[in-house]
Amino acid sequence: YGDHRDLHLSLRRQRQMCIRDRLSYLLQPISRCRELLRDPPAPFVRFEPAWRNFTSDADHAALDSSRVALAVRAAATEAAVRQQGRWPEEEGKALEQAAKDTVATIETIGQRAVAAAAAVPWPRLLRGVALEAWRSGERRDAASLRGVVAGYVTAGWCGPCRRFTPDLIAFHEATRGAERPFEVVHVSWDNDEASFRHYAAATGMGWLALPYDEREAAATLSLRYGVPHIPTLIVLEVSDDGEARVVSENGRRDVEQWRRTRVEAPWMRGCLK
């Protein structure tokens with residue numbers, strides 16, 4: 001009798017687990033939709049708080065409206081799933097449309113924020129920002145940069161960044177004493193200052209860095225150039241009057257190619273000794 005009772009309890013527990021597992025599976029799309037309700041939205045996390053400065057009240061109202069509609073649809077769909085034990089077609093379609101509307105709103109606002117940040121004159125963007133030289137610790141006015149300037153958006157937690165950094169160090173060393181000035185500015189996506197400094201020291205970086213406490217400046221630069229992922233190396237030509245134009249949006253590819261083949265991208269000419 002005891003064995004049969006244990007078997008009965010075991011089967012009942014297994015059935016309960018199957019029900020829970022099925023419910024969990026059915027609720028997964030709702031959980032993914034709710035990720036769009038985070039503040040800030042996931043695509044804007046690395047641009048926080050700068051993206052808010054380059055968007056309008058109307059943009060924020062549109063985002064709030066779409067997210068409220070999504071939250072209502074998510075709640076209705078979850079209630080139907082729990083009641084029916086299956087995916088509800090009608091509520092599911094409404095949820096899918098609400099999610100698409102929210103994604104479209106986020107993408108539109110993101111494009112507007114990037115365009116607005118890009119419209120800010122370069123000297124005004126970095127006004128009052130003092131860059132730190134990793135090796136000497138000296139400070140340098142960011143507005144004084146001239147020649148070829150590469151903004152290196154990176155972080156110690158990023159494996160591809162750690163693999164690319166030695167290539168950039170080799171290129172940077174090869175530019176010393178060249179006719180055309182070349183500077184690298186480290187823009188950090190690390191999660192704290194200790195990680196930021198450890199990454200620079202461990203890899204032997206010898207260039208300039210945007211101080212870690214300049215988080216808004218780091219977010220604004222990342223937003224201005226629409227940095228989608230890291231490592232990203234944005235190469236600029238800064239004129240004598242301080243204006244900057246992009247000469248390569250994929251400096252990482254250029255540097256990796258130079259390291260492998262010694263083939264120089266057009267912007268490298270004159271930078272190498």
# chains A, B, ... in the order shown; residues from 1 in each chain; ligands from 1
>>> residues_around(residues="Glu132 of chain A", least_positions_apart="2", cutoff="10 Å", atoms="only C-alpha atoms", output="ChimeraX atom specification")
/A:129-130,134-142,185-186,207-212
>>> residues_around(residues="Glu78 of chain A", least_positions_apart="5", cutoff="12 Å", atoms="only C-alpha atoms", output="list in words")
Leu23, Ser24, Tyr25, Leu26, Leu27, Gln28, Pro29, Ile30, Ser31, Cys33, Arg34, Ala71, Val72, Arg73, Gln83, Gln84, Gly85, Arg86, Trp87, Pro88, Glu91, Gly92 and Leu95 of chain A
>>> select_by_dssp(residues="segment 37-80 of chain A", states="helix (DSSP H, G or I)", output="JSON, numbers by chain")
{"A": [37, 42, 43, 44, 45, 46, 47, 50, 51, 52, 53, 57, 58, 59, 60, 61, 62, 63, 64, 65, 66, 67, 68, 69, 70, 71, 72, 73, 74, 75, 76, 77, 78, 79, 80]}
>>> residues_around(residues="Ala69 of chain A", least_positions_apart="4", cutoff="12 Å", atoms="only C-alpha atoms", output="list in words")
Cys33, Arg34, Leu36, Leu37, Ala62, Leu63, Asp64, Ser65, Arg73, Ala74, Ala75, Ala76, Ala94, Leu95, Glu96, Gln97, Ala98, Ala99, Lys100, Asp101 and Thr102 of chain A
>>> closest_residue(among="A:Arg67, A:Arg112, A:Arg127, A:Lys273", to="Arg224 of chain A", atoms="only C-alpha atoms")
A:Arg112
>>> residues_around(residues="segment 157-173 of chain A", least_positions_apart="2", cutoff="9 Å", atoms="only C-alpha atoms", output="list of chain:residue names")
A:Val153, A:Thr154, A:Ala155, A:Thr175, A:Arg176, A:Phe182, A:Glu183, A:Val184, A:Trp189, A:Asp190, A:Asn191, A:Ser195, A:Tyr199, A:Thr203, A:Gly204, A:Met205, A:Gly206, A:Trp207, A:Ile230, A:Pro231, A:Thr232, A:Arg252, A:Val255, A:Glu256, A:Trp258, A:Arg259, A:Leu272
>>> write_last_selection(atoms="C-alpha atoms", output="PDB file, in the first residue's frame")
ATOM      1  CA  VAL A 153      33.513  52.587 -27.051  1.00  0.00           C
ATOM      2  CA  THR A 154      34.458  49.530 -25.026  1.00  0.00           C
ATOM      3  CA  ALA A 155      34.187  47.686 -21.702  1.00  0.00           C
ATOM      4  CA  THR A 175      51.284  56.303 -35.016  1.00  0.00           C
ATOM      5  CA  ARG A 176      53.676  57.854 -32.527  1.00  0.00           C
ATOM      6  CA  PHE A 182      46.110  60.550 -34.098  1.00  0.00           C
ATOM      7  CA  GLU A 183      44.346  60.262 -30.751  1.00  0.00           C
ATOM      8  CA  VAL A 184      42.178  57.566 -29.183  1.00  0.00           C
ATOM      9  CA  TRP A 189      30.491  51.059 -21.074  1.00  0.00           C
ATOM     10  CA  ASP A 190      31.837  49.447 -17.916  1.00  0.00           C
ATOM     11  CA  ASN A 191      29.429  49.135 -15.002  1.00  0.00           C
ATOM     12  CA  SER A 195      36.184  47.916 -13.662  1.00  0.00           C
ATOM     13  CA  TYR A 199      40.460  47.103 -17.796  1.00  0.00           C
ATOM     14  CA  THR A 203      45.458  45.821 -21.211  1.00  0.00           C
ATOM     15  CA  GLY A 204      48.099  48.568 -21.119  1.00  0.00           C
ATOM     16  CA  MET A 205      46.057  51.333 -22.713  1.00  0.00           C
ATOM     17  CA  GLY A 206      48.158  54.409 -23.400  1.00  0.00           C
ATOM     18  CA  TRP A 207      45.614  56.853 -24.778  1.00  0.00           C
ATOM     19  CA  ILE A 230      30.825  47.177 -28.619  1.00  0.00           C
ATOM     20  CA  PRO A 231      33.608  47.290 -29.458  1.00  0.00           C
ATOM     21  CA  THR A 232      32.940  50.260 -31.711  1.00  0.00           C
ATOM     22  CA  ARG A 252      37.498  48.373 -35.770  1.00  0.00           C
ATOM     23  CA  VAL A 255      42.401  48.454 -37.652  1.00  0.00           C
ATOM     24  CA  GLU A 256      41.948  44.676 -37.713  1.00  0.00           C
ATOM     25  CA  TRP A 258      45.763  46.799 -40.961  1.00  0.00           C
ATOM     26  CA  ARG A 259      46.994  44.461 -38.215  1.00  0.00           C
ATOM     27  CA  LEU A 272      51.598  56.018 -39.407  1.00  0.00           C
TER      28      LEU A 272
END
>>> residues_around(residues="segment 144-151 of chain A", least_positions_apart="4", cutoff="7 Å", atoms="only C-alpha atoms", output="list of chain:residue names")
A:Arg180, A:Pro181, A:Phe182, A:Glu183, A:Val184, A:Val185, A:His186, A:Val187, A:Leu233, A:Ile234, A:Val235, A:Leu236, A:Glu237, A:Val238, A:Ser239, A:Asp240, A:Gly242
>>> write_last_selection(atoms="all heavy atoms", output="CSV table (one decimal), in the first residue's frame")
chain,number,residue,atom,x,y,z
A,180,ARG,N,50.7,63.1,-39.1
A,180,ARG,CA,49.3,63.5,-38.8
A,180,ARG,C,48.9,63.1,-37.4
A,180,ARG,O,49.1,61.9,-37.1
A,180,ARG,CB,48.5,62.8,-39.9
A,180,ARG,CG,47.1,63.3,-40.0
A,180,ARG,CD,46.4,62.5,-41.1
A,180,ARG,NE,45.0,63.0,-41.4
A,180,ARG,CZ,44.1,62.2,-42.0
A,180,ARG,NH1,44.4,61.0,-42.5
A,180,ARG,NH2,42.9,62.7,-42.2
A,181,PRO,N,48.4,64.0,-36.6
A,181,PRO,CA,48.1,63.6,-35.2
A,181,PRO,C,47.0,62.5,-35.2
A,181,PRO,O,46.0,62.6,-36.0
A,181,PRO,CB,47.6,64.9,-34.6
A,181,PRO,CG,48.1,66.0,-35.5
A,181,PRO,CD,48.2,65.4,-36.9
A,182,PHE,N,47.1,61.6,-34.3
A,182,PHE,CA,46.1,60.6,-34.1
A,182,PHE,C,45.9,60.4,-32.6
A,182,PHE,O,46.9,60.2,-31.9
A,182,PHE,CB,46.5,59.2,-34.7
A,182,PHE,CG,45.6,58.1,-34.5
A,182,PHE,CD1,44.3,58.0,-35.1
A,182,PHE,CD2,45.9,57.1,-33.5
A,182,PHE,CE1,43.4,57.0,-34.8
A,182,PHE,CE2,45.0,56.1,-33.3
A,182,PHE,CZ,43.8,56.0,-33.9
A,183,GLU,N,44.7,60.4,-32.2
A,183,GLU,CA,44.3,60.3,-30.8
A,183,GLU,C,43.2,59.2,-30.6
A,183,GLU,O,42.3,59.2,-31.5
A,183,GLU,CB,43.9,61.6,-30.1
A,183,GLU,CG,44.9,62.7,-30.1
A,183,GLU,CD,46.0,62.5,-29.0
A,183,GLU,OE1,45.9,61.5,-28.3
A,183,GLU,OE2,46.8,63.4,-28.9
A,184,VAL,N,43.3,58.5,-29.5
A,184,VAL,CA,42.2,57.6,-29.2
A,184,VAL,C,41.6,58.1,-27.9
A,184,VAL,O,42.3,58.5,-27.0
A,184,VAL,CB,42.7,56.1,-29.0
A,184,VAL,CG1,41.5,55.2,-28.5
A,184,VAL,CG2,43.3,55.6,-30.2
A,185,VAL,N,40.2,58.1,-27.9
A,185,VAL,CA,39.5,58.5,-26.6
A,185,VAL,C,38.7,57.3,-26.2
A,185,VAL,O,37.8,56.9,-26.9
A,185,VAL,CB,38.6,59.8,-26.9
A,185,VAL,CG1,37.8,60.1,-25.6
A,185,VAL,CG2,39.4,61.0,-27.3
A,186,HIS,N,39.0,56.8,-25.0
A,186,HIS,CA,38.3,55.7,-24.4
A,186,HIS,C,36.9,56.2,-23.9
A,186,HIS,O,36.9,57.0,-22.9
A,186,HIS,CB,39.2,55.1,-23.3
A,186,HIS,CG,38.6,54.0,-22.6
A,186,HIS,ND1,39.4,53.3,-21.6
A,186,HIS,CD2,37.4,53.3,-22.6
A,186,HIS,CE1,38.6,52.4,-21.1
A,186,HIS,NE2,37.5,52.3,-21.7
A,187,VAL,N,35.8,55.6,-24.4
A,187,VAL,CA,34.5,55.9,-23.9
A,187,VAL,C,34.0,54.6,-23.3
A,187,VAL,O,33.8,53.6,-24.0
A,187,VAL,CB,33.6,56.4,-25.0
A,187,VAL,CG1,32.2,56.6,-24.5
A,187,VAL,CG2,34.1,57.6,-25.7
A,233,LEU,N,34.6,51.5,-32.9
A,233,LEU,CA,35.6,52.6,-33.1
A,233,LEU,C,35.2,53.5,-34.1
A,233,LEU,O,35.1,53.2,-35.3
A,233,LEU,CB,37.0,51.9,-33.5
A,233,LEU,CG,38.2,52.9,-33.5
A,233,LEU,CD1,38.6,53.2,-32.0
A,233,LEU,CD2,39.4,52.2,-34.2
A,234,ILE,N,34.7,54.7,-33.7
A,234,ILE,CA,34.3,55.8,-34.6
A,234,ILE,C,35.5,56.7,-34.9
A,234,ILE,O,36.0,57.3,-33.9
A,234,ILE,CB,33.1,56.6,-34.0
A,234,ILE,CG1,31.9,55.6,-33.7
A,234,ILE,CG2,32.7,57.7,-35.0
A,234,ILE,CD1,31.2,55.1,-34.9
A,235,VAL,N,35.9,56.8,-36.1
A,235,VAL,CA,37.0,57.7,-36.5
A,235,VAL,C,36.5,59.0,-37.0
A,235,VAL,O,35.7,59.0,-38.0
A,235,VAL,CB,37.9,56.9,-37.5
A,235,VAL,CG1,39.2,57.8,-37.7
A,235,VAL,CG2,38.3,55.5,-37.0
A,236,LEU,N,37.1,60.1,-36.5
A,236,LEU,CA,36.7,61.4,-36.8
A,236,LEU,C,37.9,62.2,-37.3
A,236,LEU,O,39.0,62.0,-37.0
A,236,LEU,CB,36.1,62.2,-35.6
A,236,LEU,CG,35.0,61.5,-34.8
A,236,LEU,CD1,34.7,62.3,-33.5
A,236,LEU,CD2,33.8,61.3,-35.6
A,237,GLU,N,37.6,63.2,-38.2
A,237,GLU,CA,38.6,64.2,-38.6
A,237,GLU,C,38.2,65.5,-38.0
A,237,GLU,O,37.1,66.0,-38.3
A,237,GLU,CB,38.6,64.3,-40.1
A,237,GLU,CG,39.6,65.4,-40.6
A,237,GLU,CD,41.0,65.0,-40.5
A,237,GLU,OE1,41.4,63.9,-41.0
A,237,GLU,OE2,41.8,65.9,-40.0
A,238,VAL,N,39.0,66.0,-37.0
A,238,VAL,CA,38.6,67.3,-36.3
A,238,VAL,C,39.5,68.4,-37.0
A,238,VAL,O,40.7,68.4,-37.0
A,238,VAL,CB,38.9,67.2,-34.8
A,238,VAL,CG1,38.5,68.5,-34.1
A,238,VAL,CG2,38.2,66.0,-34.2
A,239,SER,N,38.8,69.4,-37.5
A,239,SER,CA,39.4,70.5,-38.2
A,239,SER,C,40.0,71.5,-37.3
A,239,SER,O,39.8,71.4,-36.0
A,239,SER,CB,38.4,71.1,-39.2
A,239,SER,OG,37.3,71.7,-38.4
A,240,ASP,N,40.7,72.4,-37.8
A,240,ASP,CA,41.4,73.5,-37.0
A,240,ASP,C,40.3,74.3,-36.2
A,240,ASP,O,40.7,74.9,-35.2
A,240,ASP,CB,42.3,74.4,-37.8
A,240,ASP,CG,43.5,73.6,-38.3
A,240,ASP,OD1,43.8,72.6,-37.8
A,240,ASP,OD2,44.1,74.1,-39.4
A,242,GLY,N,37.7,73.1,-34.9
A,242,GLY,CA,37.1,72.3,-33.9
A,242,GLY,C,35.9,71.5,-34.3
A,242,GLY,O,35.4,70.7,-33.5
>>> closest_residue(among="A:Gly270, A:Gly128, A:Pro40, A:Gly177", to="Ala143 of chain A", atoms="only C-alpha atoms")
A:Gly128
>>> atom_distance(atom1="atom CA of Gly226 of chain A", atom2="atom CA of Trp267 of chain A")
20.6 Å
>>> atom_distance(atom1="atom CA of Ala265 of chain A", atom2="atom CA of Ala200 of chain A")
26.0 Å
>>> closest_residue(among="A:Arg32, A:Ala174, A:Ala113, A:Glu216", to="Trp51 of chain A", atoms="only C-alpha atoms")
A:Ala113
>>> select_by_dssp(residues="segment 123-246 of chain A", states="strand (DSSP E or B)", output="JSON, numbers by chain")
{"A": [130, 131, 132, 133, 139, 140, 141, 147, 148, 149, 150, 151, 152, 153, 154, 182, 183, 184, 185, 186, 187, 188, 208, 209, 232, 233, 234, 235, 236, 237, 238, 244, 245, 246]}
